Amino acid sequence: MTSLSRSAASGVSTVARRSAVVAASSGLLFSVFAAPANAAPASDQSKSVGSVDLDALTAQAREALATSPAVTVAADAVLPIEQATVAVTPAPEPEPEPEPAPAPAPAAAAAPERTTAAASRSVERAQPAAQAAPAAAPAAAASGSAVVDIAMKYVGVPYVYGGSSPSGFDCSGLVKYVYAQLGVSLPHQSGAQRDAGTPVSASEARPGDLIWTPGHIAIYAGNGMQIEATTPGSTVKHSKIWQDNPTFIRVG
C-alpha cells in the first residue's frame with residue numbers, strides 16, 4: 001500500500017505542477033486532482049497546496065496559489081447537457097446540362113433556295129411579256145359568225161313588243177340580247193343601234209352586220225339572208241332580205 005500511494009502521489013504531483021502554472025496566472029485554481037471521497041474539507045487549504053511543488057513556481061504564482069479558493073464538486077453532481085434535434089436538408093439535385101444546339105445545315109441545303117429564286121426571277125421576266133400582249137377584242141367585232149350562231153338559237157321565239165329576252169323579242173331587243181352575249185352593249189332602239197356602228201356597202205357586208213331600215217333592224221346572216229323579229233303574232237325568223245335599199249351597219 002505504501003508503494004502504491006507513493007506512485008499515485010508522484011503522478012498527481014506531476015499533473016499538479018503543470019496545472020498550477022496555468023491556473024496561477026488567472027488567480028483561480030480548480031481542484032483537478034483526483035481526490036478520495038473522504039477528502040479534507042475546503043478550509044484545510046494547507047494540505048491540498050502541500051501536494052504541489054512550490055519550488056517550481058514564481059513568487060507571484062505561489063502567492064496566487066496560496067490565496068486562491070479551492071473549488072470542490074460533489075461526487076454526485078450532474079452536468080446537464082442540452083440536446084437539440086438537427087434537421088439535415090439534402091442538397092438539391094443538379095440541373096441537367098442543356099442539350100447542345102443543333103449543328104447548322106450543310107451549305108448544300110441552300111441550293112434549292114437559289115434554284116427557287118432563279119425560277120422566281122424567270123417568272124418575273126416572263127410576266128411583262130405576258131402583260132404586254134394585247135387584250136382580246138370583243139367577239140362580236142372579231143367574228144360575225146359568232147353573232148349569227150347565237151341569233152339562230154332564238155329562231156321561233158315569239159315576237160313581244162319591247163321584249164329583250166328569250167321569253168320574247170322585238171326587232172331591236174333581239175339585236176341587243178345577241179350582242180350582249182358577246183360583251184357588246186347596245187341600246188334598245190333601232191335608230192340608236194344604227195348610230196352605234198359604221199355604215200358599210202352591201203358588197204362589203206358580212207355575217208353579223210346589222211341591216212337597218214327606218215323603224216326596223218335585223219342581223220345579216222350572209223348569202224342574202226337575215227335573222228329578225230318582225231311583227232306581233234309572229235316569231236323570230238331566218239328569212240331572205242326583203243327590205244328595199246337597206247343600210248348595213250358594222251358594230252365594233
# chains A, B, ... in the order shown; residues from 1 in each chain; ligands from 1

$ residues_around --residues "Gly162 (chain A)" --least-positions-apart "3" --cutoff "9 Å" --atoms "only C-alpha atoms" --output "JSON, numbers by chain"
{"A": [168, 169, 170, 171, 172, 173, 188]}

$ write_last_selection --atoms "C-alpha atoms" --output "tab-separated table (two decimals), in the first residue's frame"
chain	number	residue	atom	x	y	z
A	168	GLY	CA	-89.97	37.29	-126.19
A	169	PHE	CA	-88.17	39.75	-128.52
A	170	ASP	CA	-88.93	42.72	-130.66
A	171	CYS	CA	-86.50	43.60	-133.52
A	172	SER	CA	-84.06	45.79	-131.54
A	173	GLY	CA	-84.48	43.63	-128.40
A	188	HIS	CA	-82.78	49.07	-127.12

$ atom_distance --atom1 "CA of His238 (chain A)" --atom2 "CA of Ser164 (chain A)"
17.8 Å

$ residues_around --residues "Asp149 (chain A)" --least-positions-apart "6" --cutoff "12 Å" --atoms "only C-alpha atoms" --output "ChimeraX atom specification"
/A:139-140,143,155,178-179,181-182,207-208,219-222,227,238
